[in-house]
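Asker: Quick one: this structure, given as structure tokens, is what I'll be asking you about.
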Amino acid sequence: QVQLVESGGGLAQAGGSLRLSCAASGRTFSSYAMGWFRQAPGKEREFVAAISVSGGGTYYADFVKGRFTISRDNAKNTVDLQMNSLKPEDTAVYSCAARELAPFSDRHVAYTGRSDYHHWGQGIQVTVSS
């Protein structure tokens, strides 16, 4: 079973940037599709960004398109979320998630649903001040 640990959260000003990183351990990272989700106080967890096993497929929520970039480094077992042009409404707990790819599945698919993922990190706080 893969273990996921997020880092890089904290406080940023509106218009600023933060880079989140998720380190995976325990299983073959290159077999996992990865995603980032967030949950603001009083709201449900929502999809932010996803990247395929191959790294060639990415998908973003409309509210982060053009501002956030997801990437992965299979040699380091990490997936990052570069967040630029931050807004106060980006304030939330951000969690990374992993989905083990079934044999013969498409390695270029990025998954966007919460139920698509089998493993979750504990989450990290991101606070954006106005």
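Naming scheme: A, B, ... for chains in displayed order of the structure tokens; residues 1 onward per chain; ligands 1 onward as shown.
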Any chance you could tabulate, as a Markdown table, the residues of range 66-121 of chain A at most 7 Å from range 31-40 of chain A with each one's nearest atom pair and distance in Å to one decimal, using only C-alpha atoms, in chain and rising number order?

Answerer:
```
| residue | atom | partner | partner_atom | distance |
| --- | --- | --- | --- | --- |
| A:Thr91 | CA | A:Ala40 | CA | 6.5 |
| A:Ala92 | CA | A:Ala40 | CA | 4.2 |
| A:Val93 | CA | A:Gln39 | CA | 5.3 |
| A:Tyr94 | CA | A:Arg38 | CA | 4.3 |
| A:Ser95 | CA | A:Phe37 | CA | 5.3 |
| A:Cys96 | CA | A:Trp36 | CA | 4.5 |
| A:Ala97 | CA | A:Gly35 | CA | 5.1 |
| A:Ala98 | CA | A:Met34 | CA | 4.6 |
| A:Arg99 | CA | A:Ala33 | CA | 5.1 |
| A:Glu100 | CA | A:Tyr32 | CA | 4.4 |
| A:Leu101 | CA | A:Tyr32 | CA | 5.7 |
| A:Ala110 | CA | A:Ala33 | CA | 6.7 |
```

Asker: Those same residues, written as an mmCIF file, in the first residue's frame with C-alpha atoms?

Answerer:
```
data_model
loop_
_atom_site.group_PDB
_atom_site.id
_atom_site.type_symbol
_atom_site.label_atom_id
_atom_site.label_comp_id
_atom_site.auth_asym_id
_atom_site.auth_seq_id
_atom_site.Cartn_x
_atom_site.Cartn_y
_atom_site.Cartn_z
ATOM 1 C CA THR A 91 -7.720 28.672 0.978
ATOM 2 C CA ALA A 92 -8.300 25.030 1.891
ATOM 3 C CA VAL A 93 -6.711 21.813 3.055
ATOM 4 C CA TYR A 94 -5.045 20.238 0.033
ATOM 5 C CA SER A 95 -4.661 16.472 -0.215
ATOM 6 C CA CYS A 96 -2.925 14.291 -2.733
ATOM 7 C CA ALA A 97 -4.418 10.994 -3.805
ATOM 8 C CA ALA A 98 -3.223 7.890 -5.628
ATOM 9 C CA ARG A 99 -4.918 5.312 -7.816
ATOM 10 C CA GLU A 100 -3.127 2.098 -8.663
ATOM 11 C CA LEU A 101 -3.445 1.339 -12.314
ATOM 12 C CA ALA A 110 -6.027 11.388 -15.556
#
```

Asker: Skipping near chain neighbours, those fewer than 6 positions away, what residues fall within 8 Å of Ala49 in chain A using only C-alpha atoms, listed as number ranges by chain?

Answerer: A: 35-37, 58-61, 69-70, 112

Asker: Those same residues - N, CA and C atoms - I'd like them written as an mmCIF file, in the first residue's frame.

Answerer:
```cif
data_model
loop_
_atom_site.group_PDB
_atom_site.id
_atom_site.type_symbol
_atom_site.label_atom_id
_atom_site.label_comp_id
_atom_site.auth_asym_id
_atom_site.auth_seq_id
_atom_site.Cartn_x
_atom_site.Cartn_y
_atom_site.Cartn_z
ATOM 1 N N GLY A 35 -3.580 12.586 -8.036
ATOM 2 C CA GLY A 35 -4.466 13.747 -8.095
ATOM 3 C C GLY A 35 -4.301 14.627 -6.874
ATOM 4 N N TRP A 36 -4.761 15.848 -6.991
ATOM 5 C CA TRP A 36 -4.838 16.795 -5.877
ATOM 6 C C TRP A 36 -6.294 17.210 -5.715
ATOM 7 N N PHE A 37 -6.707 17.240 -4.462
ATOM 8 C CA PHE A 37 -8.047 17.685 -4.099
ATOM 9 C C PHE A 37 -7.917 18.720 -2.989
ATOM 10 N N THR A 58 -2.960 15.294 -18.237
ATOM 11 C CA THR A 58 -3.277 16.117 -17.076
ATOM 12 C C THR A 58 -4.685 16.679 -17.237
ATOM 13 N N TYR A 59 -5.283 17.009 -16.102
ATOM 14 C CA TYR A 59 -6.624 17.588 -16.125
ATOM 15 C C TYR A 59 -6.747 18.525 -14.943
ATOM 16 N N TYR A 60 -7.432 19.655 -15.176
ATOM 17 C CA TYR A 60 -7.554 20.673 -14.140
ATOM 18 C C TYR A 60 -9.017 21.082 -13.954
ATOM 19 N N ALA A 61 -9.347 21.427 -12.740
ATOM 20 C CA ALA A 61 -10.631 22.060 -12.483
ATOM 21 C C ALA A 61 -10.635 23.429 -13.140
ATOM 22 N N THR A 69 -0.291 24.119 -11.897
ATOM 23 C CA THR A 69 0.320 23.120 -12.771
ATOM 24 C C THR A 69 0.682 21.892 -11.953
ATOM 25 N N ILE A 70 0.241 20.736 -12.411
ATOM 26 C CA ILE A 70 0.589 19.480 -11.751
ATOM 27 C C ILE A 70 1.708 18.805 -12.532
ATOM 28 N N THR A 112 -10.481 12.207 -12.233
ATOM 29 C CA THR A 112 -10.950 13.426 -11.574
ATOM 30 C C THR A 112 -11.929 13.193 -10.425
#
```

Asker: Take CA of Gln122 in chain A and CA of Ser52 in chain A and report the distance between them in Å, one decimal.

Answerer: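 Pair CA of Gln122 in chain A / CA of Ser52 in chain A returns 21.3 Å.
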
Asker: Taking the DSSP assignment computed from this structure's backbone, write out as number ranges by chain all residues of chain A that belong to helix (DSSP H, G or I).

Answerer: A: 29-31, 62-64, 88-90, 114-116

Asker: Give me a file of those residues, with N, CA and C atoms, as a PDB file, in the first residue's frame.

Answerer:
```
ATOM      1  N   PHE A  29       5.648   3.729  -7.446  1.00  0.00           N
ATOM      2  CA  PHE A  29       4.983   5.001  -7.710  1.00  0.00           C
ATOM      3  C   PHE A  29       4.569   5.124  -9.164  1.00  0.00           C
ATOM      4  N   SER A  30       5.365   4.608 -10.058  1.00  0.00           N
ATOM      5  CA  SER A  30       5.079   4.762 -11.482  1.00  0.00           C
ATOM      6  C   SER A  30       3.852   3.979 -11.934  1.00  0.00           C
ATOM      7  N   SER A  31       3.258   3.212 -11.046  1.00  0.00           N
ATOM      8  CA  SER A  31       2.025   2.489 -11.356  1.00  0.00           C
ATOM      9  C   SER A  31       0.781   3.227 -10.889  1.00  0.00           C
ATOM     10  N   ASP A  62     -11.783  23.864 -13.588  1.00  0.00           N
ATOM     11  CA  ASP A  62     -11.862  25.142 -14.295  1.00  0.00           C
ATOM     12  C   ASP A  62     -11.332  26.298 -13.464  1.00  0.00           C
ATOM     13  N   PHE A  63     -11.547  26.239 -12.167  1.00  0.00           N
ATOM     14  CA  PHE A  63     -11.174  27.382 -11.331  1.00  0.00           C
ATOM     15  C   PHE A  63      -9.672  27.494 -11.096  1.00  0.00           C
ATOM     16  N   VAL A  64      -8.862  26.524 -11.554  1.00  0.00           N
ATOM     17  CA  VAL A  64      -7.412  26.627 -11.413  1.00  0.00           C
ATOM     18  C   VAL A  64      -6.688  26.628 -12.758  1.00  0.00           C
ATOM     19  N   PRO A  88      -7.773  34.359  -2.381  1.00  0.00           N
ATOM     20  CA  PRO A  88      -8.262  33.972  -1.049  1.00  0.00           C
ATOM     21  C   PRO A  88      -9.173  32.748  -1.102  1.00  0.00           C
ATOM     22  N   GLU A  89      -9.915  32.581  -2.172  1.00  0.00           N
ATOM     23  CA  GLU A  89     -10.820  31.424  -2.293  1.00  0.00           C
ATOM     24  C   GLU A  89     -10.078  30.115  -2.535  1.00  0.00           C
ATOM     25  N   ASP A  90      -8.760  30.178  -2.720  1.00  0.00           N
ATOM     26  CA  ASP A  90      -7.960  28.956  -2.805  1.00  0.00           C
ATOM     27  C   ASP A  90      -7.623  28.406  -1.414  1.00  0.00           C
ATOM     28  N   ARG A 114     -13.397  11.710  -6.810  1.00  0.00           N
ATOM     29  CA  ARG A 114     -12.896  11.286  -5.494  1.00  0.00           C
ATOM     30  C   ARG A 114     -12.906   9.768  -5.367  1.00  0.00           C
ATOM     31  N   SER A 115     -13.943   9.153  -5.905  1.00  0.00           N
ATOM     32  CA  SER A 115     -14.063   7.699  -5.795  1.00  0.00           C
ATOM     33  C   SER A 115     -13.096   6.954  -6.704  1.00  0.00           C
ATOM     34  N   ASP A 116     -12.395   7.667  -7.579  1.00  0.00           N
ATOM     35  CA  ASP A 116     -11.395   7.042  -8.446  1.00  0.00           C
ATOM     36  C   ASP A 116     -10.131   6.678  -7.675  1.00  0.00           C
TER      37      ASP A 116
END
```

Asker: Among range 20-106 of chain A, which ones does DSSP place in strand (DSSP E or B), written as an MDAnalysis selection string?

Answerer: chainID A and resid 20:25 32:39 46:51 58:60 68:73 78:83 92:100

Asker: Pick out the residues sitting within 10 Å of range 8-10 of chain A, and hand them over as JSON, numbers by chain; count only C-alpha atoms, and ignore anything fewer than 5 positions along from it in its own chain.

Answerer: {"A": [18, 19, 20, 21, 22, 80, 81, 91, 93, 94, 123, 124, 125, 126, 127, 128]}

Asker: So that I have them on file, write out the residues from the current selection with C-alpha atoms, as a compact mmCIF listing (two decimals), in the first residue's frame.

Answerer:
```txt
# COMPACT_ATOMS: atom_id res chain seq x y z
CA LEU A 18 3.12 28.18 -3.36
CA ARG A 19 4.39 24.79 -4.44
CA LEU A 20 2.93 21.68 -2.86
CA SER A 21 4.72 18.37 -3.00
CA CYS A 22 3.43 14.88 -2.30
CA ASP A 80 3.90 18.53 -7.25
CA LEU A 81 1.29 21.21 -7.55
CA THR A 91 -7.72 28.67 0.98
CA VAL A 93 -6.71 21.81 3.06
CA TYR A 94 -5.04 20.24 0.03
CA GLY A 123 -3.67 16.94 3.81
CA ILE A 124 -1.90 20.25 4.25
CA GLN A 125 -3.26 23.71 4.94
CA VAL A 126 -2.98 26.48 2.37
CA THR A 127 -4.12 29.93 3.46
CA VAL A 128 -4.25 32.87 1.09
```

Asker: A:Val5, A:Val109, A:Ala14, A:Ala50: which is nearest Thr78 in chain A, counting only C-alpha atoms?

Answerer: A:Val5

Asker: Can you pull out every residue within 6 Å of Phe68 in chain A, counting only C-alpha atoms, but drop anything in the same chain fewer than 3 positions away, and send it as a PyMOL selection string?

Answerer: chain A and resi 64+82-84

Asker: Store the residues picked out above in a file with N, CA and C atoms, as a CSV table (one decimal), in the first residue's frame.

Answerer:
```
chain,number,residue,atom,x,y,z
A,64,VAL,N,-8.9,26.5,-11.6
A,64,VAL,CA,-7.4,26.6,-11.4
A,64,VAL,C,-6.7,26.6,-12.8
A,82,GLN,N,2.2,23.2,-8.5
A,82,GLN,CA,2.6,24.6,-8.5
A,82,GLN,C,1.4,25.5,-8.6
A,83,MET,N,1.3,26.4,-7.6
A,83,MET,CA,0.1,27.2,-7.5
A,83,MET,C,0.5,28.7,-7.6
A,84,ASN,N,0.1,29.3,-8.7
A,84,ASN,CA,0.4,30.7,-9.0
A,84,ASN,C,-0.9,31.6,-8.9
```

Asker: Counting only C-alpha atoms, what is within 6 Å of Ala24 in chain A, bar same-chain residues fewer than 6 positions away, as a VMD selection string?

Answerer: chain A and resid 3 to 4 77
